[in-house]
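One file, final_24.csv, carrying CSV, C-alpha atoms and all ligand atoms:
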```csv
chain,number,residue,atom,x,y,z
A,1,MET,CA,0.0,0.0,0.0
A,2,ASP,CA,1.3,3.4,-0.9
A,3,LEU,CA,0.1,5.4,2.1
A,4,GLU,CA,1.7,8.6,1.0
A,5,ALA,CA,-0.3,8.5,-2.3
A,6,LEU,CA,-3.6,7.6,-0.4
A,7,ASN,CA,-3.0,10.4,2.1
A,8,LYS,CA,-2.5,12.9,-0.7
A,9,ILE,CA,-5.8,12.0,-2.3
A,10,ALA,CA,-7.6,12.0,1.1
A,11,VAL,CA,-6.2,15.5,1.9
A,12,ALA,CA,-7.3,16.8,-1.6
A,13,MET,CA,-10.8,15.5,-0.9
A,14,VAL,CA,-11.2,17.8,2.0
A,15,ALA,CA,-9.4,20.8,0.6
A,16,PRO,CA,-10.4,24.2,2.1
A,17,GLY,CA,-13.7,25.6,0.8
A,18,LYS,CA,-14.5,22.4,-1.1
A,19,GLY,CA,-16.5,19.2,-0.6
A,20,ILE,CA,-17.9,16.2,-2.4
A,21,LEU,CA,-20.8,15.9,-4.8
A,22,ALA,CA,-22.6,12.6,-4.1
A,23,ALA,CA,-24.0,11.7,-7.5
A,24,ASP,CA,-24.0,7.9,-7.0
A,25,GLU,CA,-27.7,7.3,-6.9
A,26,SER,CA,-28.4,3.7,-7.8
A,27,SER,CA,-31.0,3.0,-10.5
A,28,GLY,CA,-33.9,2.8,-8.1
A,29,THR,CA,-33.0,6.0,-6.3
A,30,ILE,CA,-32.4,8.1,-9.4
A,31,LYS,CA,-35.7,6.9,-10.7
A,32,LYS,CA,-37.4,8.2,-7.6
A,33,ARG,CA,-35.6,11.5,-8.0
A,34,PHE,CA,-36.7,11.7,-11.7
A,35,ASP,CA,-40.3,10.7,-10.8
A,36,SER,CA,-40.4,13.8,-8.6
A,37,ILE,CA,-39.9,16.0,-11.6
A,38,ASN,CA,-41.9,13.9,-14.0
A,39,ALA,CA,-38.9,13.0,-16.1
A,40,GLU,CA,-38.3,9.5,-17.4
A,41,SER,CA,-35.2,7.7,-16.0
A,42,THR,CA,-33.6,6.6,-19.2
A,43,GLU,CA,-29.8,6.1,-19.7
A,44,ASP,CA,-29.6,9.3,-21.8
A,45,ASN,CA,-31.6,11.4,-19.4
A,46,ARG,CA,-29.4,10.2,-16.5
A,47,ARG,CA,-26.3,11.1,-18.6
A,48,ASP,CA,-27.7,14.5,-19.6
A,49,TYR,CA,-28.6,15.4,-16.0
A,50,ARG,CA,-25.2,14.4,-14.6
A,51,GLU,CA,-23.3,15.9,-17.5
A,52,MET,CA,-25.1,19.2,-16.8
A,53,LEU,CA,-23.8,19.1,-13.2
A,54,PHE,CA,-20.2,18.2,-14.2
A,55,ARG,CA,-20.2,21.0,-16.8
A,56,THR,CA,-21.1,23.7,-14.2
A,57,GLU,CA,-17.5,24.8,-14.4
A,58,GLN,CA,-17.3,27.4,-11.7
A,59,ALA,CA,-19.0,25.2,-9.1
A,60,MET,CA,-16.8,22.3,-9.9
A,61,LYS,CA,-13.6,24.2,-10.0
A,62,ASP,CA,-14.2,26.3,-6.9
A,63,CYS,CA,-16.3,24.2,-4.6
A,64,ILE,CA,-16.2,20.5,-5.5
A,65,SER,CA,-13.2,18.3,-4.6
A,66,GLY,CA,-14.6,15.0,-5.8
A,67,VAL,CA,-17.7,13.3,-7.3
A,68,ILE,CA,-19.0,9.9,-6.3
A,69,LEU,CA,-20.3,8.1,-9.3
A,70,PHE,CA,-22.5,5.1,-9.9
A,71,ASP,CA,-21.2,2.1,-12.0
A,72,GLU,CA,-23.2,3.3,-15.0
A,73,THR,CA,-21.9,6.8,-14.9
A,74,ILE,CA,-18.2,6.0,-14.6
A,75,ARG,CA,-18.5,4.2,-18.0
A,76,GLN,CA,-20.6,6.9,-19.7
A,77,ASN,CA,-19.5,9.5,-22.3
A,78,ALA,CA,-20.9,13.0,-22.5
A,79,LYS,CA,-23.1,13.9,-25.6
A,80,ASP,CA,-19.9,15.0,-27.5
A,81,GLY,CA,-18.2,11.7,-26.7
A,82,THR,CA,-15.9,12.9,-23.9
A,83,PRO,CA,-15.9,10.4,-21.0
A,84,LEU,CA,-17.7,11.9,-18.0
A,85,VAL,CA,-14.7,11.0,-15.9
A,86,LYS,CA,-12.6,13.3,-18.0
A,87,LEU,CA,-15.0,16.1,-17.7
A,88,ILE,CA,-14.7,15.8,-13.9
A,89,GLN,CA,-10.9,15.5,-14.0
A,90,ASP,CA,-10.6,18.6,-16.2
A,91,THR,CA,-12.3,20.7,-13.5
A,92,GLY,CA,-9.6,19.5,-11.0
A,93,ALA,CA,-12.1,17.3,-9.1
A,94,ILE,CA,-11.4,13.6,-8.3
A,95,PRO,CA,-13.7,10.9,-9.6
A,96,GLY,CA,-14.9,8.4,-7.0
A,97,ILE,CA,-17.2,5.3,-7.2
A,98,LYS,CA,-19.9,3.7,-5.1
A,99,VAL,CA,-19.0,0.0,-4.7
A,100,ASP,CA,-21.5,-1.3,-2.2
A,101,LYS,CA,-24.4,-3.3,-3.5
A,102,GLY,CA,-27.0,-1.8,-1.2
A,103,ALA,CA,-28.4,-2.6,2.3
A,104,HIS,CA,-30.2,-5.9,2.6
A,105,ALA,CA,-32.2,-7.6,5.4
A,106,LEU,CA,-29.9,-8.7,8.2
A,107,ALA,CA,-30.5,-12.4,9.0
A,108,GLY,CA,-32.1,-12.8,12.4
A,109,ALA,CA,-32.6,-9.1,13.0
A,110,GLU,CA,-36.1,-8.0,11.9
A,111,GLY,CA,-36.1,-4.4,10.6
A,112,GLU,CA,-32.3,-4.1,10.4
A,113,LYS,CA,-30.0,-4.2,7.4
A,114,VAL,CA,-26.4,-5.1,6.5
A,115,THR,CA,-24.7,-3.7,3.4
A,116,GLU,CA,-23.6,-6.3,0.8
A,117,GLY,CA,-21.0,-6.2,-2.0
A,118,LEU,CA,-17.8,-7.8,-0.8
A,119,ASP,CA,-17.9,-10.7,-3.2
A,120,GLY,CA,-15.6,-9.9,-6.2
A,121,LEU,CA,-14.8,-6.5,-4.8
A,122,ARG,CA,-11.0,-6.9,-5.3
A,123,ASP,CA,-11.5,-7.3,-9.1
A,124,ARG,CA,-14.1,-4.6,-9.3
A,125,LEU,CA,-11.8,-2.1,-7.6
A,126,LYS,CA,-9.0,-2.9,-10.1
A,127,GLU,CA,-11.4,-2.1,-12.9
A,128,TYR,CA,-12.6,1.1,-11.3
A,129,TYR,CA,-9.0,2.2,-10.7
A,130,ASP,CA,-8.3,1.8,-14.4
A,131,LEU,CA,-11.5,3.7,-15.2
A,132,GLY,CA,-10.1,6.7,-13.2
A,133,ALA,CA,-11.6,6.3,-9.7
A,134,ARG,CA,-9.3,7.3,-6.9
A,135,PHE,CA,-11.7,7.0,-4.0
A,136,ALA,CA,-14.7,4.8,-3.3
A,137,LYS,CA,-17.7,4.8,-1.1
A,138,TRP,CA,-19.6,2.1,0.9
A,139,ARG,CA,-22.7,3.1,2.9
A,140,ALA,CA,-24.0,1.2,5.9
A,141,VAL,CA,-27.5,2.0,7.2
A,142,ILE,CA,-28.2,2.1,10.9
A,143,ASP,CA,-31.9,2.7,11.8
A,144,ILE,CA,-33.1,3.9,15.2
A,145,ALA,CA,-36.5,2.5,16.3
A,146,GLY,CA,-37.6,2.1,19.9
A,147,ASP,CA,-35.1,0.8,22.5
A,148,GLU,CA,-34.1,-2.4,20.6
A,149,ILE,CA,-33.0,-1.0,17.3
A,150,PRO,CA,-30.2,-0.7,16.4
A,151,SER,CA,-28.8,-3.9,17.9
A,152,GLY,CA,-25.1,-4.4,18.7
A,153,TYR,CA,-25.3,-7.2,16.1
A,154,CYS,CA,-26.4,-4.8,13.3
A,155,ILE,CA,-23.7,-2.3,14.2
A,156,SER,CA,-20.9,-4.8,14.4
A,157,THR,CA,-21.7,-6.7,11.2
A,158,ASN,CA,-21.9,-3.4,9.3
A,159,ALA,CA,-18.6,-2.1,10.9
A,160,HIS,CA,-16.9,-5.4,10.0
A,161,ALA,CA,-18.0,-5.1,6.3
A,162,LEU,CA,-17.0,-1.5,6.2
A,163,ALA,CA,-13.5,-2.4,7.4
A,164,ARG,CA,-13.2,-5.3,4.9
A,165,TYR,CA,-14.2,-2.9,2.1
A,166,ALA,CA,-11.7,-0.3,3.3
A,167,ALA,CA,-8.8,-2.7,3.5
A,168,LEU,CA,-9.5,-3.9,-0.1
A,169,CYS,CA,-9.7,-0.2,-1.4
A,170,GLN,CA,-6.3,0.7,0.1
A,171,GLU,CA,-4.7,-2.4,-1.4
A,172,ALA,CA,-6.0,-1.2,-4.8
A,173,GLY,CA,-4.7,2.4,-4.3
A,174,ILE,CA,-8.2,3.8,-3.7
A,175,VAL,CA,-9.1,5.9,-0.7
A,176,PRO,CA,-12.2,4.4,1.1
A,177,ILE,CA,-15.0,6.7,2.2
A,178,VAL,CA,-16.6,4.8,5.1
A,179,GLU,CA,-20.2,5.8,5.5
A,180,PRO,CA,-22.0,4.5,8.6
A,181,GLU,CA,-25.3,6.4,8.3
A,182,VAL,CA,-27.4,6.6,11.4
A,183,LEU,CA,-30.8,7.5,9.8
A,184,MET,CA,-32.7,10.6,11.0
A,185,ASP,CA,-36.1,9.1,10.1
A,186,GLY,CA,-37.5,8.3,13.5
A,187,ASP,CA,-39.0,10.2,16.4
A,188,HIS,CA,-35.9,9.9,18.6
A,189,ASP,CA,-34.4,13.0,20.2
A,190,ILE,CA,-30.9,14.3,19.5
A,191,ASP,CA,-29.4,12.6,22.6
A,192,ARG,CA,-30.5,9.2,21.4
A,193,CYS,CA,-28.9,10.0,18.0
A,194,TYR,CA,-25.7,11.0,20.0
A,195,ASP,CA,-25.6,7.7,21.8
A,196,VAL,CA,-26.1,5.6,18.7
A,197,THR,CA,-23.7,7.6,16.6
A,198,GLU,CA,-21.0,7.4,19.3
A,199,PHE,CA,-21.4,3.6,19.6
A,200,THR,CA,-21.4,3.2,15.8
A,201,LEU,CA,-18.2,5.3,15.4
A,202,LYS,CA,-16.4,3.5,18.2
A,203,SER,CA,-17.3,0.1,16.7
A,204,LEU,CA,-16.2,1.2,13.3
A,205,PHE,CA,-12.8,2.5,14.3
A,206,ASP,CA,-12.2,-0.7,16.4
A,207,GLU,CA,-12.8,-2.7,13.2
A,208,LEU,CA,-10.7,-0.5,11.1
A,209,TYR,CA,-7.9,-0.9,13.6
A,210,ALA,CA,-8.4,-4.7,13.8
A,211,GLN,CA,-8.2,-5.0,10.0
A,212,ASP,CA,-5.2,-2.8,9.6
A,213,VAL,CA,-6.8,0.1,7.7
A,214,ALA,CA,-4.6,3.1,7.6
A,215,LEU,CA,-6.6,6.1,8.8
A,216,GLU,CA,-4.3,8.6,7.1
A,217,GLY,CA,-5.7,7.2,3.8
A,218,THR,CA,-9.4,7.0,4.8
A,219,ILE,CA,-12.3,9.5,4.9
A,220,LEU,CA,-15.4,9.2,7.1
A,221,LYS,CA,-18.9,10.1,5.8
A,222,PRO,CA,-21.2,10.2,8.8
A,223,ASN,CA,-24.6,11.7,9.8
A,224,MET,CA,-24.6,14.8,12.0
A,225,VAL,CA,-25.9,14.3,15.5
A,226,ILE,CA,-29.4,15.6,15.0
A,227,SER,CA,-33.0,15.1,16.2
A,228,GLY,CA,-35.1,12.5,14.4
A,229,LYS,CA,-37.4,14.0,11.7
A,230,LYS,CA,-40.5,13.1,13.6
A,231,CYS,CA,-39.2,14.2,17.0
A,232,SER,CA,-41.4,17.0,18.5
A,233,LYS,CA,-38.3,18.9,19.8
A,234,GLN,CA,-36.0,19.8,16.9
A,235,ALA,CA,-32.5,20.9,18.0
A,236,GLY,CA,-31.1,24.0,16.3
A,237,ALA,CA,-27.8,24.5,14.5
A,238,GLU,CA,-25.8,25.5,17.7
A,239,GLU,CA,-26.9,22.4,19.6
A,240,ILE,CA,-26.3,20.2,16.6
A,241,ALA,CA,-22.8,21.6,16.1
A,242,GLU,CA,-21.9,21.3,19.8
A,243,LYS,CA,-23.1,17.7,20.1
A,244,THR,CA,-21.8,16.6,16.8
A,245,VAL,CA,-18.3,17.9,17.5
A,246,ARG,CA,-18.3,16.5,21.1
A,247,CYS,CA,-19.4,13.1,19.8
A,248,PHE,CA,-16.7,13.0,17.1
A,249,ARG,CA,-14.0,14.3,19.3
A,250,SER,CA,-14.6,11.3,21.6
A,251,SER,CA,-14.8,8.7,18.8
A,252,VAL,CA,-12.8,9.7,15.7
A,253,PRO,CA,-8.9,9.4,15.8
A,254,ALA,CA,-6.9,12.5,14.9
A,255,ALA,CA,-5.0,10.6,12.2
A,256,LEU,CA,-8.0,10.8,9.9
A,257,PRO,CA,-7.6,13.6,7.3
A,258,GLY,CA,-11.3,14.5,7.1
A,259,ILE,CA,-14.9,14.0,7.8
A,260,VAL,CA,-17.5,14.7,5.1
A,261,PHE,CA,-21.1,14.8,6.2
A,262,LEU,CA,-24.1,13.3,4.4
A,263,SER,CA,-27.2,15.5,4.4
A,264,GLY,CA,-29.6,12.7,5.2
A,265,GLY,CA,-32.9,14.5,4.4
A,266,GLN,CA,-32.1,17.8,6.0
A,267,SER,CA,-33.3,20.9,4.1
A,268,ASP,CA,-30.7,22.4,1.8
A,269,GLU,CA,-30.3,25.4,4.1
A,270,ASP,CA,-30.2,23.4,7.3
A,271,ALA,CA,-27.4,21.1,5.9
A,272,THR,CA,-25.4,24.3,5.1
A,273,ALA,CA,-26.2,26.1,8.4
A,274,ASN,CA,-25.3,23.1,10.5
A,275,LEU,CA,-21.9,22.5,8.8
A,276,ASN,CA,-21.2,26.2,9.0
A,277,ALA,CA,-21.9,26.2,12.8
A,278,MET,CA,-19.4,23.5,13.3
A,279,ASN,CA,-16.6,25.1,11.3
A,280,ALA,CA,-17.4,28.6,12.6
A,281,GLY,CA,-17.5,27.6,16.3
A,282,TYR,CA,-15.1,24.7,16.7
A,283,LYS,CA,-12.4,24.8,14.0
A,284,ASP,CA,-9.5,25.2,16.5
A,285,ARG,CA,-10.8,22.2,18.5
A,286,MET,CA,-11.0,19.7,15.6
A,287,PRO,CA,-8.0,17.7,14.3
A,288,TRP,CA,-9.7,16.8,11.1
A,289,ALA,CA,-11.1,18.9,8.3
A,290,LEU,CA,-15.0,19.0,8.3
A,291,SER,CA,-16.7,19.2,5.0
A,292,PHE,CA,-19.7,17.9,3.0
A,293,SER,CA,-20.5,15.0,0.7
A,294,TYR,CA,-24.1,15.9,0.0
A,295,GLY,CA,-26.4,14.2,-2.4
A,296,ARG,CA,-29.9,15.7,-1.9
A,297,ALA,CA,-28.7,19.0,-0.3
A,298,LEU,CA,-26.6,19.7,-3.4
A,299,GLN,CA,-28.9,18.3,-6.0
A,300,ALA,CA,-32.5,19.0,-4.9
A,301,ALA,CA,-32.5,22.6,-6.2
A,302,PRO,CA,-30.8,21.9,-9.6
A,303,LEU,CA,-33.0,18.8,-10.2
A,304,LYS,CA,-36.1,20.9,-9.6
A,305,ALA,CA,-34.9,23.8,-11.8
A,306,TRP,CA,-33.9,21.4,-14.6
A,307,GLY,CA,-37.3,19.5,-14.6
A,308,GLY,CA,-35.9,17.2,-17.4
A,309,LYS,CA,-35.9,20.0,-20.0
A,310,ALA,CA,-32.9,21.1,-22.0
A,311,GLU,CA,-34.1,24.7,-22.0
A,312,ASN,CA,-33.7,24.8,-18.2
A,313,VAL,CA,-30.0,23.8,-18.1
A,314,ALA,CA,-28.7,27.3,-17.4
A,315,ALA,CA,-31.2,27.8,-14.5
A,316,ALA,CA,-30.3,24.4,-13.1
A,317,GLN,CA,-26.6,25.1,-13.3
A,318,ALA,CA,-27.2,28.4,-11.5
A,319,ALA,CA,-29.0,26.5,-8.7
A,320,PHE,CA,-26.2,24.0,-8.5
A,321,MET,CA,-23.6,26.8,-8.4
A,322,HIS,CA,-25.4,28.5,-5.6
A,323,ARG,CA,-25.7,25.4,-3.4
A,324,ALA,CA,-22.1,24.4,-4.0
A,325,LYS,CA,-21.0,28.0,-3.2
A,326,MET,CA,-23.0,28.1,0.1
A,327,ASN,CA,-21.6,24.7,1.2
A,328,GLY,CA,-18.1,25.8,0.2
A,329,LEU,CA,-18.5,28.8,2.5
A,330,ALA,CA,-19.9,26.6,5.3
A,331,GLN,CA,-16.7,24.5,5.0
A,332,LEU,CA,-14.8,27.6,5.8
A,333,GLY,CA,-17.2,28.7,8.5
A,334,ASP,CA,-17.9,31.9,6.4
A,335,TRP,CA,-21.6,31.2,5.5
A,336,SER,CA,-24.5,33.3,6.8
A,337,ALA,CA,-28.2,33.2,6.2
A,338,GLY,CA,-28.0,36.6,4.6
A,339,LEU,CA,-25.9,35.2,1.8
A,340,GLU,CA,-28.7,32.8,0.9
A,341,LYS,CA,-31.2,35.6,0.7
A,342,ALA,CA,-28.8,37.9,-1.3
A,343,ALA,CA,-28.7,35.3,-4.1
B,401,LIG,C1,-26.7,10.1,-3.6
B,401,LIG,O1,-27.3,9.1,-2.8
B,401,LIG,C2,-26.4,8.0,-2.5
B,401,LIG,C3,-26.9,6.8,-3.1
B,401,LIG,O2,-27.9,6.2,-2.4
B,401,LIG,P1,-28.5,4.8,-2.9
B,401,LIG,O3,-27.4,3.8,-2.9
B,401,LIG,O4,-29.6,4.5,-1.9
B,401,LIG,O5,-29.1,4.9,-4.3
B,401,LIG,C4,-26.2,8.0,-1.0
B,401,LIG,O6,-25.4,6.9,-0.6
B,401,LIG,C5,-25.6,9.3,-0.6
B,401,LIG,O7,-24.3,9.3,-1.0
B,401,LIG,C6,-25.6,9.5,0.9
B,401,LIG,O8,-26.7,8.9,1.5
B,401,LIG,C7,-25.6,11.0,1.1
B,401,LIG,O9,-26.7,11.5,0.4
B,401,LIG,P2,-27.6,12.6,1.1
B,401,LIG,O10,-28.7,12.8,0.1
B,401,LIG,O11,-28.0,12.0,2.4
B,401,LIG,O12,-26.7,13.8,1.3
```
This entry written out as structure tokens:
Amino acid sequence: MDLEALNKIAVAMVAPGKGILAADESSGTIKKRFDSINAESTEDNRRDYREMLFRTEQAMKDCISGVILFDETIRQNAKDGTPLVKLIQDTGAIPGIKVDKGAHALAGAEGEKVTEGLDGLRDRLKEYYDLGARFAKWRAVIDIAGDEIPSGYCISTNAHALARYAALCQEAGIVPIVEPEVLMDGDHDIDRCYDVTEFTLKSLFDELYAQDVALEGTILKPNMVISGKKCSKQAGAEEIAEKTVRCFRSSVPAALPGIVFLSGGQSDEDATANLNAMNAGYKDRMPWALSFSYGRALQAAPLKAWGGKAENVAAAQAAFMHRAKMNGLAQLGDWSAGLEKAA
């Protein structure tokens, strides 16, 4: 393993003022997104939509350090025949690839899931490296429901799989993004989210250590510590920032170059405001860079503006530019609500 090379990629993924565009929606998820704008999810439409994002030059150059792609997209060419991977590289961003095969029912644990995709992964990683990927992503899904879910069994099997995936990535010269997502769908309060997130992160870093994964060449993609969507008491940005930073300081080793949050269903502006509150209030107390790897919180606005119509490309690119810029500012702790309104 060339740890120096892996570390260089990981550090570039969390460069100041930049973050990651998660454009790795699997076929089912992108169909749902397209359904919401009444657009058909054909191979050409998916290509056109993603090409439009990657050709938003200023957003890509100034605010996006890397793009997570789906298997179909890493093999696709733009309308003019240029590989989409090259479009991304030409902006200075790093192409990445989702390699997990989704979350499936966990045997003997009703309502819980384990992520699959380890079979044949060594060979797939070799191919993805040749196609240009320099980082990868694997997402584990941890639900919170009542007192019994998540079980220790669910967390440990997912942590074990994440570490196996990460070790294989590093062997292939690819930086692993490890994504243990504690879902924000329930009615739990922020303190329950804190406890589950802390337990999950500690279990994950134990497994990464046990399986010899070099943290200097790894990026973490977690949820923020946040109230469940259906909780009657919703924590604000200051409380989310304080509890998220406290939880991560107690669970995430300093050797890790960076943490890139998922947005998890937060509104666009909340995802930006919460990231900003952490960077504005706690930068000097954090050993790692704190950034974004948003899917919905970067794409909801451009997707809506596009609406599946070629005549809306400029408006959609403006919407993407705006969200990328707001999140780039939040990475620096320089965002304010006034900047949203001024746009
Ligand atoms: C873009 O969505 C990603 C792919 O999801 P599926 O495998 O379910 O299709 C997803 O992994 C994403 O990278 C993360 O959940 C972060 O996205 P959000 O929308 O939560 O920021």
Query - Surrounding residues of Tyr129 in chain A excluding itself and chain neighbours under 2 positions, 10 Å, only C-alpha atoms, as a ChimeraX atom specification - result: /A:95-97,123-127,131-136,169,172-174
Report task. Using only C-alpha atoms and all ligand atoms, determine which residues fall within 6 Å of ligand LIG 401 (chain B), then list them as a list in words. Result ->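 Final answer, ordered by chain and number: Ala22, Ala23, Asp24, Glu25, Ser26, Thr29, Gly102, Arg139, Leu262, Ser263, Gly264, Gly265, Tyr294, Gly295, Arg296 and Ala297 of chain A.
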Mind running range 37-121 of chain A against range 325-332 of chain A at 12 Å and telling me each contacting residue's nearest atom pair with the distance in Å (one decimal), counting only C-alpha atoms, chain and number ascending, as JSON lines?
```
{"residue": "A:Thr56", "atom": "CA", "partner": "A:Lys325", "partner_atom": "CA", "distance": 11.8}
{"residue": "A:Gln58", "atom": "CA", "partner": "A:Lys325", "partner_atom": "CA", "distance": 9.3}
{"residue": "A:Ala59", "atom": "CA", "partner": "A:Lys325", "partner_atom": "CA", "distance": 6.8}
{"residue": "A:Met60", "atom": "CA", "partner": "A:Lys325", "partner_atom": "CA", "distance": 9.7}
{"residue": "A:Lys61", "atom": "CA", "partner": "A:Lys325", "partner_atom": "CA", "distance": 10.7}
{"residue": "A:Asp62", "atom": "CA", "partner": "A:Lys325", "partner_atom": "CA", "distance": 7.9}
{"residue": "A:Cys63", "atom": "CA", "partner": "A:Gly328", "partner_atom": "CA", "distance": 5.4}
{"residue": "A:Ile64", "atom": "CA", "partner": "A:Gly328", "partner_atom": "CA", "distance": 8.0}
{"residue": "A:Ser65", "atom": "CA", "partner": "A:Gly328", "partner_atom": "CA", "distance": 10.2}
```
Query - Two-atom distance - CA of Thr244 in chain A, CA of Tyr282 in chain A (Å) - result: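 Computing the Euclidean distance for CA of Thr244 in chain A and CA of Tyr282 in chain A yields 10.5 Å.
Taking CA of Asn77 in chain A and CA of Asp130 in chain A as the two end points, the separation is 15.7 Å.
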Requested in this report: Enter the distance from CA of Gly117 in chain A to CA of Cys154 in chain A, in Å, rounded to one decimal.
Outcome: 16.3 Å
Report summary line: From the list A:Arg323, A:Lys8, A:His160, A:Lys309, the nearest residue to Met52 in chain A using all atoms listed in the file is A:Lys309
Nearby residues (all atoms listed in the file) at most 12 Å from Ala105 in chain A, same-chain spacing under 2 positions excluded, as a short mmCIF file (atom, residue, chain, number, x, y, z; two decimals) with C-alpha atoms, in the frame of the given file:
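Printed below is around.cif as written:
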```cif
data_model
loop_
_atom_site.label_atom_id
_atom_site.label_comp_id
_atom_site.auth_asym_id
_atom_site.auth_seq_id
_atom_site.Cartn_x
_atom_site.Cartn_y
_atom_site.Cartn_z
CA GLY A 102 -27.00 -1.80 -1.20
CA ALA A 103 -28.40 -2.60 2.30
CA ALA A 107 -30.50 -12.40 9.00
CA GLY A 108 -32.10 -12.80 12.40
CA ALA A 109 -32.60 -9.10 13.00
CA GLU A 110 -36.10 -8.00 11.90
CA GLY A 111 -36.10 -4.40 10.60
CA GLU A 112 -32.30 -4.10 10.40
CA LYS A 113 -30.00 -4.20 7.40
CA VAL A 114 -26.40 -5.10 6.50
CA THR A 115 -24.70 -3.70 3.40
CA GLU A 116 -23.60 -6.30 0.80
CA VAL A 141 -27.50 2.00 7.20
CA ILE A 142 -28.20 2.10 10.90
CA CYS A 154 -26.40 -4.80 13.30
CA ASN A 158 -21.90 -3.40 9.30
#
```
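With only C-alpha atoms as the atoms that count, the residue of A:Ile88, A:Val67, A:Cys193, A:Ala166 with the shortest distance to Tyr209 in chain A is A:Ala166.
Nearest to Ile9 in chain A of all the residues A:Leu21, A:Ala318, A:Ile177, A:Val85 is A:Ile177, based on all atoms listed in the file.
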**Report entry** Shortest interatomic distance to Ser41 in chain A - which of A:Gly308, A:Trp335, A:Ile226, A:Glu340, counting only C-alpha atoms
**Finding:** A:Gly308
**Report entry** Counting all atoms listed in the file, the option among A:Lys86, A:Arg50, A:Lys230, A:Lys137 closest to Asp100 in chain A
**Finding:**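 Nearest candidate to Asp100 in chain A out of A:Lys86, A:Arg50, A:Lys230, A:Lys137: A:Lys137.
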Requested in this report: For Val252 in chain A, work out the shell of residues within 12 Å, counting all atoms listed in the file and skipping chain neighbours fewer than 6 positions away, then give it as a ChimeraX atom specification.
Outcome: /A:197-206,208-209,215,218-222,244-246,258-259,286-289
**Report entry** range 236-243 of chain A environment, 12 Å, only C-alpha atoms, sequence neighbours closer than 5 positions dropped, as a VMD selection string
**Finding:** chain A and resid 189 to 195 197 to 198 223 to 228 248 to 250 266 269 to 283 285 to 286 290 333
Requested in this report: Extract, using all atoms listed in the file, all DNA, RNA and protein residues at most 10 Å from range 301-306 of chain A, discarding same-chain residues fewer than 5 positions from it, and format them as a list in words.
Outcome: Arg33, Phe34, Ser36, Ile37, Ala39, Tyr49, Arg50, Met52, Leu53, Asp268, Arg296, Glu311, Asn312, Val313, Ala314, Ala315, Ala316, Gln317, Ala318, Ala319, Phe320, Met321, His322 and Arg323 of chain A
With C-alpha atoms kept, could you save the residues just selected as a PDB file, keeping the file's coordinate frame?
```pdb
ATOM      1  CA  ARG A  33     -35.600  11.500  -8.000  1.00  0.00           C
ATOM      2  CA  PHE A  34     -36.700  11.700 -11.700  1.00  0.00           C
ATOM      3  CA  SER A  36     -40.400  13.800  -8.600  1.00  0.00           C
ATOM      4  CA  ILE A  37     -39.900  16.000 -11.600  1.00  0.00           C
ATOM      5  CA  ALA A  39     -38.900  13.000 -16.100  1.00  0.00           C
ATOM      6  CA  TYR A  49     -28.600  15.400 -16.000  1.00  0.00           C
ATOM      7  CA  ARG A  50     -25.200  14.400 -14.600  1.00  0.00           C
ATOM      8  CA  MET A  52     -25.100  19.200 -16.800  1.00  0.00           C
ATOM      9  CA  LEU A  53     -23.800  19.100 -13.200  1.00  0.00           C
ATOM     10  CA  ASP A 268     -30.700  22.400   1.800  1.00  0.00           C
ATOM     11  CA  ARG A 296     -29.900  15.700  -1.900  1.00  0.00           C
ATOM     12  CA  GLU A 311     -34.100  24.700 -22.000  1.00  0.00           C
ATOM     13  CA  ASN A 312     -33.700  24.800 -18.200  1.00  0.00           C
ATOM     14  CA  VAL A 313     -30.000  23.800 -18.100  1.00  0.00           C
ATOM     15  CA  ALA A 314     -28.700  27.300 -17.400  1.00  0.00           C
ATOM     16  CA  ALA A 315     -31.200  27.800 -14.500  1.00  0.00           C
ATOM     17  CA  ALA A 316     -30.300  24.400 -13.100  1.00  0.00           C
ATOM     18  CA  GLN A 317     -26.600  25.100 -13.300  1.00  0.00           C
ATOM     19  CA  ALA A 318     -27.200  28.400 -11.500  1.00  0.00           C
ATOM     20  CA  ALA A 319     -29.000  26.500  -8.700  1.00  0.00           C
ATOM     21  CA  PHE A 320     -26.200  24.000  -8.500  1.00  0.00           C
ATOM     22  CA  MET A 321     -23.600  26.800  -8.400  1.00  0.00           C
ATOM     23  CA  HIS A 322     -25.400  28.500  -5.600  1.00  0.00           C
ATOM     24  CA  ARG A 323     -25.700  25.400  -3.400  1.00  0.00           C
TER      25      ARG A 323
END
```
